[in-house]
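File shown: final03.txt (compact mmCIF, C-alpha atoms).
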# COMPACT_ATOMS: atom_id res chain seq x y z
CA MET A 1 -15.25 -21.49 10.56
CA THR A 2 -14.29 -24.47 8.43
CA GLU A 3 -12.49 -24.13 5.13
CA GLU A 4 -15.68 -25.12 3.31
CA GLU A 5 -17.72 -22.50 5.19
CA PHE A 6 -15.11 -19.88 4.39
CA HIS A 7 -15.15 -20.83 0.70
CA ASN A 8 -18.97 -20.73 0.62
CA TRP A 9 -18.95 -17.31 2.25
CA VAL A 10 -16.50 -15.87 -0.28
CA GLU A 11 -18.45 -17.33 -3.20
CA ALA A 12 -21.78 -16.05 -1.84
CA TYR A 13 -20.35 -12.55 -1.42
CA VAL A 14 -19.12 -12.47 -5.00
CA GLU A 15 -22.40 -13.93 -6.26
CA ILE A 16 -24.69 -11.41 -4.56
CA TYR A 17 -22.85 -8.42 -6.00
CA SER A 18 -22.17 -9.98 -9.41
CA GLY A 19 -25.82 -9.83 -10.42
CA LYS A 20 -27.30 -6.78 -12.06
CA GLU A 21 -30.55 -6.93 -10.12
CA GLU A 22 -31.19 -5.11 -6.90
CA PHE A 23 -31.49 -7.23 -3.77
CA ASP A 24 -32.59 -6.96 -0.18
CA GLU A 25 -32.08 -8.88 3.04
CA PHE A 26 -34.30 -11.67 1.70
CA HIS A 27 -31.85 -12.58 -1.07
CA PRO A 28 -30.54 -16.12 -0.47
CA GLN A 29 -26.91 -14.91 -0.43
CA TYR A 30 -27.48 -11.87 1.78
CA TRP A 31 -25.99 -13.77 4.70
CA ALA A 32 -22.55 -13.27 3.14
CA ILE A 33 -22.80 -9.50 3.64
CA GLU A 34 -24.00 -9.99 7.20
CA LYS A 35 -21.12 -12.38 7.89
CA PHE A 36 -18.60 -9.56 7.39
CA ALA A 37 -20.59 -7.42 9.84
CA ASP A 38 -20.67 -10.28 12.34
CA LEU A 39 -16.91 -10.83 12.16
CA GLU A 40 -15.45 -7.36 11.63
CA ALA A 41 -15.02 -6.40 15.29
CA ASP A 42 -13.69 -9.63 16.76
CA SER A 43 -12.28 -11.57 13.80
CA PRO A 44 -10.48 -9.11 11.55
CA GLU A 45 -7.97 -11.73 10.36
CA ILE A 46 -10.78 -13.78 8.83
CA CYS A 47 -12.21 -10.66 7.19
CA TRP A 48 -8.77 -9.71 5.82
CA ALA A 49 -8.31 -13.18 4.33
CA ALA A 50 -11.76 -13.02 2.72
CA ILE A 51 -11.12 -9.53 1.31
CA LEU A 52 -7.88 -10.68 -0.30
CA ILE A 53 -9.40 -13.81 -1.79
CA ILE A 54 -12.43 -11.96 -3.17
CA GLN A 55 -10.21 -9.26 -4.67
CA ARG A 56 -7.86 -11.84 -6.23
CA LYS A 57 -10.79 -13.51 -7.98
CA ASN A 58 -10.83 -10.39 -10.17
CA PRO A 59 -14.60 -9.95 -9.88
CA ASP A 60 -16.57 -7.26 -11.69
CA GLU A 61 -16.50 -3.63 -10.61
CA ARG A 62 -19.70 -3.85 -8.55
CA VAL A 63 -18.17 -6.53 -6.34
CA ILE A 64 -14.95 -4.53 -5.93
CA ALA A 65 -16.80 -1.29 -5.17
CA ASN A 66 -18.88 -2.95 -2.46
CA LEU A 67 -15.86 -4.77 -1.05
CA ALA A 68 -14.05 -1.43 -0.73
CA SER A 69 -16.96 0.56 0.70
CA GLY A 70 -18.02 -2.19 3.07
CA PRO A 71 -15.65 -4.81 4.47
CA LEU A 72 -12.34 -3.09 3.67
CA GLU A 73 -13.53 0.28 4.93
CA GLU A 74 -14.77 -1.27 8.18
CA LEU A 75 -11.55 -3.23 8.64
CA ILE A 76 -9.55 -0.02 8.31
CA GLU A 77 -11.85 1.96 10.61
CA LEU A 78 -11.82 -0.68 13.33
CA HIS A 79 -8.33 -2.16 12.93
CA GLY A 80 -6.36 0.23 10.73
CA ASP A 81 -3.37 0.40 13.06
CA ASP A 82 -3.09 -3.39 13.04
CA PHE A 83 -3.49 -3.80 9.27
CA ILE A 84 -1.92 -0.74 7.63
CA GLN A 85 1.46 -2.40 7.07
CA ARG A 86 -0.21 -5.37 5.38
CA ILE A 87 -2.36 -3.03 3.32
CA GLU A 88 0.73 -1.13 2.18
CA LYS A 89 2.56 -4.36 1.35
CA GLU A 90 -0.38 -5.71 -0.66
CA ALA A 91 -0.67 -2.40 -2.53
CA ARG A 92 3.02 -2.51 -3.52
CA SER A 93 2.59 -5.91 -5.13
CA SER A 94 -0.93 -5.73 -6.58
CA SER A 95 -2.46 -3.23 -8.98
CA GLN A 96 -5.82 -4.90 -8.31
CA PHE A 97 -5.48 -4.11 -4.63
CA ARG A 98 -4.51 -0.51 -5.41
CA ASN A 99 -7.71 -0.29 -7.45
CA LEU A 100 -9.62 -1.51 -4.40
CA LEU A 101 -7.95 1.20 -2.29
CA ASN A 102 -8.91 3.83 -4.85
CA LEU A 103 -12.57 3.07 -4.17
CA LEU A 104 -12.31 3.66 -0.41
CA TRP A 105 -13.96 6.58 1.30
CA GLU A 106 -11.74 8.64 3.55
CA THR A 107 -11.20 7.09 6.96
CA THR A 108 -11.50 8.94 10.26
CA ASN A 109 -7.89 8.26 11.27
CA GLU A 110 -5.88 10.93 9.44
CA GLU A 111 -2.52 9.14 9.75
CA ILE A 112 -3.93 5.87 8.40
CA TRP A 113 -5.67 7.77 5.59
CA LYS A 114 -2.41 9.48 4.55
CA ARG A 115 -0.73 6.08 4.36
CA ILE A 116 -3.59 4.68 2.28
CA VAL A 117 -3.40 7.60 -0.15
CA THR A 118 0.34 6.91 -0.53
CA ALA A 119 -0.29 3.17 -0.92
CA ARG A 120 -2.75 3.86 -3.74
CA LEU A 121 0.12 5.36 -5.73
CA ASP A 122 2.68 2.60 -5.07
CA SER A 123 3.73 0.55 -8.05

Serialized structure, structure tokens:
Amino acid sequence: MTEEEFHNWVEAYVEIYSGKEEFDEFHPQYWAIEKFADLEADSPEICWAAILIIQRKNPDERVIANLASGPLEELIELHGDDFIQRIEKEARSSSQFRNLLNLLWETTNEEIWKRIVTARLDS
């Protein structure tokens, strides 16, 4: 993925969830949601980078809620052991990231979930 493709993906993801209207798979930016699904298993580093950039753009609550319940949740489910230290570090330095963690649903890995609950409280 080129830098331009990455940038376009991040912007499309923010755009699709920034609108107030409902959308379906025919929305012109829907590909951005599918891109996370395409990359989550084999390219978690790219997904992590996109999650951080989207979150740092300080988008509206709908974007953040969908970022938490979609890409971040899947990253943690599939690669939690590999990313938990980075998640904890980001939470210590960013109240915005802690807000993102507060919107997560409980993960299936109890140890990872305990660490996320603790990270939510870090300040």

Ranking A:Lys114, A:Gln96, A:Glu11, A:Glu4 by minimum distance to Asn58 (chain A) and counting all atoms listed in the file, which one comes first?
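Between A:Lys114, A:Gln96, A:Glu11, A:Glu4, the residue approaching Asn58 (chain A) most closely is A:Gln96.
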
Contacts of Ala37 (chain A) at 9 Å (all atoms listed in the file; same-chain gap of 5+ positions) as a list in words:
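Here the qualifying residues turn out to be Gly70, Pro71 and Glu74 of chain A.
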
As an exercise, work out the distance from CA of Glu111 (chain A) to CA of Asp42 (chain A) in Å and give it to one decimal place.
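We find that CA of Glu111 (chain A) and CA of Asp42 (chain A) lie 22.9 Å from each other.
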
Extending 8 Å beyond the listed atoms of region 29-48 of chain A on each side, what axis-aligned box results? I want centre and edge lengths in Å to one decimal, as AutoDock Vina command-line options.
--center_x -17.7 --center_y -10.7 --center_z 8.2 --size_x 35.5 --size_y 24.5 --size_z 33.2

Could you check the closest approach to His79 (chain A) for each of A:Val10, A:Ile33, A:Cys47, A:Met1 and tell me which residue wins, using only C-alpha atoms?
A:Cys47

Counting all atoms listed in the file, I want the residues whose atoms come within 12 Å of (-9.7, 10.5, 6.7) in the file frame, returned as a list in words.
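Residues close enough to count: Glu73, Ile76, Glu77, Gly80, Leu104, Trp105, Glu106, Thr107, Thr108, Asn109, Glu110, Glu111, Ile112, Trp113, Lys114, Arg115, Ile116 and Val117 of chain A.
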
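Nearest residue to Arg120 (chain A) among A:Glu45, A:Glu90, A:Asp24, A:Asp82 is A:Glu90, counting only C-alpha atoms.
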
Hey, which of A:Ser18, A:Thr2, A:Thr118, A:Ser94 ends up closest to Leu52 (chain A)? Count all atoms listed in the file.
A:Ser94

Considering only C-alpha atoms, state which residue in the set A:Leu67, A:Tyr30, A:Tyr17, A:Ala119 is at the smallest distance from Ile53 (chain A).
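Closest candidate: A:Leu67.
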
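Among the candidates A:Asn8, A:Asn99, A:Gln85, A:Gln29, the one nearest to Arg56 (chain A) when counting all atoms listed in the file is A:Asn99.
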
Do you know which residues are at most 9 Å from Arg92 (chain A) counting all atoms listed in the file, after dropping those on the same chain fewer than 3 positions away, and could you put them as a VMD selection string?
chain A and resid 87 to 89 95 97 to 98 119 to 123

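Going from CA of Ile46 (chain A) over to CA of Phe83 (chain A), you cover 12.4 Å.
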